[in-house]
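Heads up, query38.txt below (compact mmCIF, C-alpha atoms):
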# COMPACT_ATOMS: atom_id res chain seq x y z
CA VAL E 1 24.65 60.52 -64.65
CA GLU E 2 22.07 61.59 -62.10
CA GLY E 3 23.46 59.36 -59.38
CA VAL E 4 25.86 56.54 -58.66
CA MET E 5 25.10 54.28 -55.75
CA LEU E 6 25.81 50.98 -54.10
CA GLN E 7 22.75 48.92 -53.27
CA ARG E 8 22.53 46.00 -50.88
CA ASP E 9 19.32 44.00 -51.30
CA VAL E 10 18.26 41.39 -48.77
CA TYR E 11 15.48 39.14 -50.09
CA LEU E 12 13.36 37.45 -47.45
CA SER E 13 11.42 34.21 -47.61
CA HIS E 14 7.96 33.89 -46.06
CA PRO E 15 7.46 31.31 -43.27
CA SER E 16 4.47 29.63 -44.97
CA ARG E 17 4.35 30.91 -48.56
CA ASP E 18 6.79 30.11 -51.36
CA PHE E 19 7.45 33.42 -53.12
CA SER E 20 9.04 31.59 -56.06
CA MET E 21 5.68 29.89 -56.65
CA THR E 22 3.57 33.05 -56.14
CA ASP E 23 6.01 35.27 -58.12
CA GLU E 24 6.31 37.73 -55.23
CA ALA E 25 9.24 39.21 -53.36
CA LEU E 26 9.92 40.99 -50.08
CA ARG E 27 13.12 43.02 -50.10
CA LEU E 28 15.08 45.18 -47.69
CA ARG E 29 17.30 47.62 -49.60
CA LEU E 30 20.15 49.74 -48.29
CA ILE E 31 21.34 52.46 -50.69
CA LYS E 32 24.59 54.36 -50.32
CA ASP E 33 24.92 57.39 -52.59
CA LEU E 34 28.55 57.46 -53.74
CA ASP E 35 28.41 61.19 -54.48
CA ASP E 36 27.42 62.46 -51.03
CA GLY E 37 27.69 59.35 -48.82
CA ARG E 38 24.01 59.53 -47.82
CA VAL E 39 22.45 56.20 -46.80
CA THR E 40 18.75 55.39 -47.15
CA SER E 41 16.81 52.17 -46.77
CA PHE E 42 13.50 50.75 -47.94
CA LEU E 43 11.19 47.78 -47.48
CA THR E 44 9.61 46.71 -50.78
CA TYR E 45 6.86 44.23 -51.57
CA LYS E 46 6.76 43.11 -55.21
CA GLY E 47 3.60 41.49 -56.49
CA PRO E 48 3.43 38.95 -59.32
CA ARG E 49 4.51 40.06 -62.80
CA ILE E 50 1.52 41.31 -64.79
CA SER E 51 3.00 41.40 -68.29
CA PRO E 52 4.18 38.62 -70.59
CA ILE E 53 6.82 40.96 -72.08
CA SER E 54 8.40 42.88 -69.23
CA LYS E 55 8.93 42.57 -65.48
CA SER E 56 6.06 44.99 -64.81
CA ARG E 57 4.48 44.41 -61.43
CA ILE E 58 2.80 46.26 -58.62
CA GLU E 59 5.31 47.40 -56.02
CA LYS E 60 4.69 48.90 -52.60
CA GLU E 61 7.64 50.55 -50.91
CA VAL E 62 8.20 52.33 -47.62
CA LYS E 63 11.22 54.30 -46.48
CA LEU E 64 12.74 52.96 -43.28
CA GLN E 65 14.37 54.72 -40.37
CA GLY E 66 16.05 51.52 -39.16
CA LEU E 67 16.73 48.76 -41.66
CA GLU E 68 18.25 46.41 -39.07
CA ASP E 69 15.30 46.91 -36.71
CA MET E 70 12.87 46.09 -39.54
CA LYS E 71 14.91 43.03 -40.43
CA ASP E 72 14.81 41.90 -36.77
CA ILE E 73 11.01 42.39 -36.68
CA LEU E 74 10.50 40.35 -39.86
CA ILE E 75 12.81 37.56 -38.67
CA GLY E 76 10.95 37.57 -35.35
CA LEU E 77 7.73 37.02 -37.33
CA GLY E 78 9.20 33.97 -39.06
CA PHE E 79 10.68 35.42 -42.24
CA SER E 80 14.22 34.38 -43.09
CA GLU E 81 17.03 35.85 -45.13
CA GLU E 82 17.13 34.03 -48.44
CA LEU E 83 19.55 35.94 -50.64
CA VAL E 84 21.74 39.05 -50.54
CA ILE E 85 22.61 40.90 -53.74
CA GLU E 86 25.03 43.80 -53.85
CA LYS E 87 25.30 45.93 -56.97
CA LYS E 88 26.55 49.23 -58.28
CA ARG E 89 23.83 51.31 -59.96
CA MET E 90 24.17 54.36 -62.18
CA VAL E 91 20.90 56.26 -62.68
CA TYR E 92 20.03 58.36 -65.71
CA THR E 93 16.71 60.10 -66.35
CA LEU E 94 15.03 61.41 -69.48
CA ASP E 95 11.72 63.14 -68.82
CA ASP E 96 9.67 60.53 -66.91
CA ILE E 97 11.85 57.56 -67.87
CA SER E 98 14.51 56.23 -65.54
CA ALA E 99 17.40 54.23 -66.97
CA CYS E 100 19.54 52.30 -64.50
CA VAL E 101 22.77 50.58 -65.40
CA ASP E 102 23.39 47.83 -62.86
CA ILE E 103 26.68 46.04 -62.38
CA VAL E 104 25.89 42.84 -60.51
CA PRO E 105 28.82 40.63 -59.45
CA GLU E 106 28.41 37.06 -60.76
CA LEU E 107 25.78 38.17 -63.30
CA GLY E 108 27.17 41.07 -65.33
CA CYS E 109 25.86 44.42 -66.51
CA PHE E 110 22.17 45.20 -67.11
CA LEU E 111 20.07 48.13 -68.29
CA GLU E 112 16.75 48.58 -66.52
CA LEU E 113 14.22 51.01 -67.95
CA GLU E 114 11.38 52.16 -65.74
CA LEU E 115 8.40 54.39 -66.35
CA MET E 116 5.74 55.10 -63.78
CA ASP E 117 2.42 55.09 -65.65
CA GLU E 118 -0.95 54.06 -64.26
CA ASN E 119 -1.67 52.47 -67.65
CA MET E 120 0.84 49.60 -67.74
CA LYS E 121 0.30 48.83 -71.43
CA ARG E 122 0.86 52.46 -72.47
CA GLY E 123 4.04 52.66 -70.39
CA GLU E 124 5.33 49.36 -71.72
CA ASP E 125 4.65 50.48 -75.32
CA ARG E 126 6.60 53.72 -74.73
CA LEU E 127 9.59 51.79 -73.40
CA LEU E 128 9.50 49.34 -76.33
CA ASP E 129 9.38 52.31 -78.73
CA LEU E 130 12.42 53.74 -76.96
CA LEU E 131 14.27 50.46 -77.50
CA GLY E 132 13.49 50.68 -81.21
CA ASP E 133 14.79 47.71 -83.16
CA GLN E 134 15.76 45.82 -80.01
CA ASN E 135 14.23 42.34 -80.20
CA PRO E 136 11.67 42.07 -77.35
CA GLY E 137 12.69 38.41 -77.12
CA GLU E 138 16.03 39.63 -75.76
CA ILE E 139 14.40 41.39 -72.81
CA GLU E 140 15.42 39.68 -69.59
CA ARG E 141 12.32 38.94 -67.52
CA ARG E 142 14.11 37.03 -64.77
CA THR E 143 14.91 38.91 -61.60
CA TYR E 144 18.43 39.06 -60.18
CA PRO E 145 17.47 36.57 -57.43
CA GLU E 146 16.09 34.16 -60.07
CA MET E 147 19.26 34.43 -62.15
CA LEU E 148 21.52 33.91 -59.14
CA MET E 149 19.53 30.93 -57.86
CA GLU E 150 19.59 29.32 -61.34
CA LYS E 151 23.34 29.87 -61.47
CA GLN E 152 23.79 28.13 -58.09
CA VAL E 153 21.94 24.99 -59.22

Taking this structure as input, can you express it in the form of structure tokens?
Amino acid sequence: VEGVMLQRDVYLSHPSRDFSMTDEALRLRLIKDLDDGRVTSFLTYKGPRISPISKSRIEKEVKLQGLEDMKDILIGLGFSEELVIEKKRMVYTLDDISACVDIVPELGCFLELELMDENMKRGEDRLLDLLGDQNPGEIERRTYPEMLMEKQV
């Protein structure tokens, strides 16, 4: 295990754009490393999914000095807190592939594989090869917020 952490994700809704319709997300993430107690935070924009197989999408992320200050700024601009997800994440790496085991209360345990490759198709093919005989139809494309919101309906 490369790292074990607790993550608290706050998903924000836009004042005039429905992210569920545009397949986008804006997230504030607080990470506490359980090995050394270090805390870091990020603001992440997730663009629409660009693959019919995986959850591949363009993401832009910035490290924050003050998560609460950024949250106050965004709320002042009209964004609102939509959903909070807390999870435990164990991170493993093999070469340039990151494997994260997430334990999400109310949803269960998930394996997320990630590979940073400028050629999305090549990266996706490598991950599918790694999965081997795993049926691609069993790959979960819904995000944690989507799963939680479906569960609440």

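The shortest atom-to-atom distance to E:Pro48, with only C-alpha atoms taken into account, belongs to E:Glu24 out of E:Asp102, E:Glu82, E:Glu140, E:Glu24.
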
- request: Find, counting all atoms listed in the file, the residue in E:Gly108, E:Gly76, E:Pro52, E:Gly37 that gets nearest to E:His14.
  value: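 Ranked by minimum distance to E:His14, first place goes to E:Gly76.
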
Top pick for closest residue to E:Leu64, considering E:Arg29, E:Arg122, E:Arg142, E:Arg8 and counting all atoms listed in the file: E:Arg29

Nearest residue to E:Gly123 from the set E:Ser56, E:Ile75, E:Leu43, E:Glu146 (distances using all atoms listed in the file):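 Between E:Ser56, E:Ile75, E:Leu43, E:Glu146, the residue approaching E:Gly123 most closely is E:Ser56.
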
Between atom CA of E:Lys151 and atom CA of E:Met90 - distance in Å to one decimal: 24.5 Å

Starting from the sparse input, extend stretch 37-48 of chain E to all heavy atoms and give the output as an mmCIF file, in the frame of the given file.
data_model
loop_
_atom_site.group_PDB
_atom_site.id
_atom_site.type_symbol
_atom_site.label_atom_id
_atom_site.label_comp_id
_atom_site.auth_asym_id
_atom_site.auth_seq_id
_atom_site.Cartn_x
_atom_site.Cartn_y
_atom_site.Cartn_z
ATOM 1 N N GLY E 37 27.562 60.259 -49.955
ATOM 2 C CA GLY E 37 27.690 59.350 -48.820
ATOM 3 C C GLY E 37 26.400 59.086 -48.064
ATOM 4 O O GLY E 37 26.379 58.328 -47.100
ATOM 5 N N ARG E 38 25.295 59.711 -48.496
ATOM 6 C CA ARG E 38 24.010 59.530 -47.820
ATOM 7 C C ARG E 38 23.557 58.079 -47.919
ATOM 8 O O ARG E 38 23.729 57.429 -48.929
ATOM 9 C CB ARG E 38 22.980 60.435 -48.485
ATOM 10 C CG ARG E 38 21.882 60.916 -47.614
ATOM 11 C CD ARG E 38 21.081 62.003 -48.313
ATOM 12 N NE ARG E 38 21.353 62.012 -49.748
ATOM 13 C CZ ARG E 38 20.419 62.084 -50.684
ATOM 14 N NH1 ARG E 38 19.172 62.176 -50.348
ATOM 15 N NH2 ARG E 38 20.749 62.094 -51.960
ATOM 16 N N VAL E 39 22.956 57.579 -46.840
ATOM 17 C CA VAL E 39 22.450 56.200 -46.800
ATOM 18 C C VAL E 39 20.945 56.249 -46.538
ATOM 19 O O VAL E 39 20.492 56.946 -45.631
ATOM 20 C CB VAL E 39 23.161 55.382 -45.699
ATOM 21 C CG1 VAL E 39 22.559 54.000 -45.575
ATOM 22 C CG2 VAL E 39 24.655 55.295 -45.988
ATOM 23 N N THR E 40 20.196 55.518 -47.351
ATOM 24 C CA THR E 40 18.750 55.390 -47.150
ATOM 25 C C THR E 40 18.394 53.913 -47.253
ATOM 26 O O THR E 40 19.146 53.111 -47.815
ATOM 27 C CB THR E 40 17.936 56.188 -48.199
ATOM 28 O OG1 THR E 40 18.370 55.804 -49.505
ATOM 29 C CG2 THR E 40 18.102 57.678 -48.018
ATOM 30 N N SER E 41 17.233 53.561 -46.702
ATOM 31 C CA SER E 41 16.810 52.170 -46.770
ATOM 32 C C SER E 41 15.296 52.078 -46.963
ATOM 33 O O SER E 41 14.556 52.980 -46.577
ATOM 34 C CB SER E 41 17.254 51.396 -45.530
ATOM 35 O OG SER E 41 16.773 52.007 -44.363
ATOM 36 N N PHE E 42 14.891 50.957 -47.573
ATOM 37 C CA PHE E 42 13.500 50.750 -47.940
ATOM 38 C C PHE E 42 13.096 49.301 -47.719
ATOM 39 O O PHE E 42 13.921 48.389 -47.844
ATOM 40 C CB PHE E 42 13.269 51.080 -49.424
ATOM 41 C CG PHE E 42 13.570 52.499 -49.786
ATOM 42 C CD1 PHE E 42 14.854 52.880 -50.162
ATOM 43 C CD2 PHE E 42 12.579 53.468 -49.738
ATOM 44 C CE1 PHE E 42 15.149 54.191 -50.487
ATOM 45 C CE2 PHE E 42 12.867 54.782 -50.063
ATOM 46 C CZ PHE E 42 14.149 55.146 -50.439
ATOM 47 N N LEU E 43 11.806 49.105 -47.456
ATOM 48 C CA LEU E 43 11.190 47.780 -47.480
ATOM 49 C C LEU E 43 10.259 47.792 -48.686
ATOM 50 O O LEU E 43 9.446 48.704 -48.844
ATOM 51 C CB LEU E 43 10.377 47.537 -46.199
ATOM 52 C CG LEU E 43 9.541 46.252 -46.181
ATOM 53 C CD1 LEU E 43 10.436 45.008 -46.160
ATOM 54 C CD2 LEU E 43 8.607 46.254 -44.970
ATOM 55 N N THR E 44 10.394 46.773 -49.549
ATOM 56 C CA THR E 44 9.610 46.710 -50.780
ATOM 57 C C THR E 44 8.922 45.365 -50.915
ATOM 58 O O THR E 44 9.563 44.322 -50.762
ATOM 59 C CB THR E 44 10.510 46.926 -52.018
ATOM 60 O OG1 THR E 44 11.253 48.128 -51.864
ATOM 61 C CG2 THR E 44 9.685 46.997 -53.293
ATOM 62 N N TYR E 45 7.626 45.427 -51.197
ATOM 63 C CA TYR E 45 6.860 44.230 -51.570
ATOM 64 C C TYR E 45 6.657 44.302 -53.076
ATOM 65 O O TYR E 45 6.243 45.334 -53.610
ATOM 66 C CB TYR E 45 5.501 44.186 -50.876
ATOM 67 C CG TYR E 45 4.572 43.191 -51.527
ATOM 68 C CD1 TYR E 45 4.733 41.822 -51.318
ATOM 69 C CD2 TYR E 45 3.573 43.606 -52.394
ATOM 70 C CE1 TYR E 45 3.905 40.901 -51.953
ATOM 71 C CE2 TYR E 45 2.740 42.698 -53.030
ATOM 72 C CZ TYR E 45 2.917 41.349 -52.807
ATOM 73 O OH TYR E 45 2.109 40.443 -53.443
ATOM 74 N N LYS E 46 6.964 43.206 -53.767
ATOM 75 C CA LYS E 46 6.760 43.110 -55.210
ATOM 76 C C LYS E 46 5.723 42.039 -55.477
ATOM 77 O O LYS E 46 5.917 40.882 -55.098
ATOM 78 C CB LYS E 46 8.060 42.752 -55.924
ATOM 79 C CG LYS E 46 9.135 43.811 -55.779
ATOM 80 C CD LYS E 46 10.388 43.378 -56.499
ATOM 81 C CE LYS E 46 11.402 44.495 -56.506
ATOM 82 N NZ LYS E 46 12.105 44.565 -57.767
ATOM 83 N N GLY E 47 4.641 42.441 -56.129
ATOM 84 C CA GLY E 47 3.600 41.490 -56.490
ATOM 85 C C GLY E 47 3.983 40.704 -57.731
ATOM 86 O O GLY E 47 5.027 40.944 -58.333
ATOM 87 N N PRO E 48 3.141 39.760 -58.132
ATOM 88 C CA PRO E 48 3.430 38.950 -59.320
ATOM 89 C C PRO E 48 3.554 39.814 -60.578
ATOM 90 O O PRO E 48 2.911 40.858 -60.689
ATOM 91 C CB PRO E 48 2.222 38.026 -59.430
ATOM 92 C CG PRO E 48 1.559 38.056 -58.101
ATOM 93 C CD PRO E 48 1.889 39.386 -57.495
#
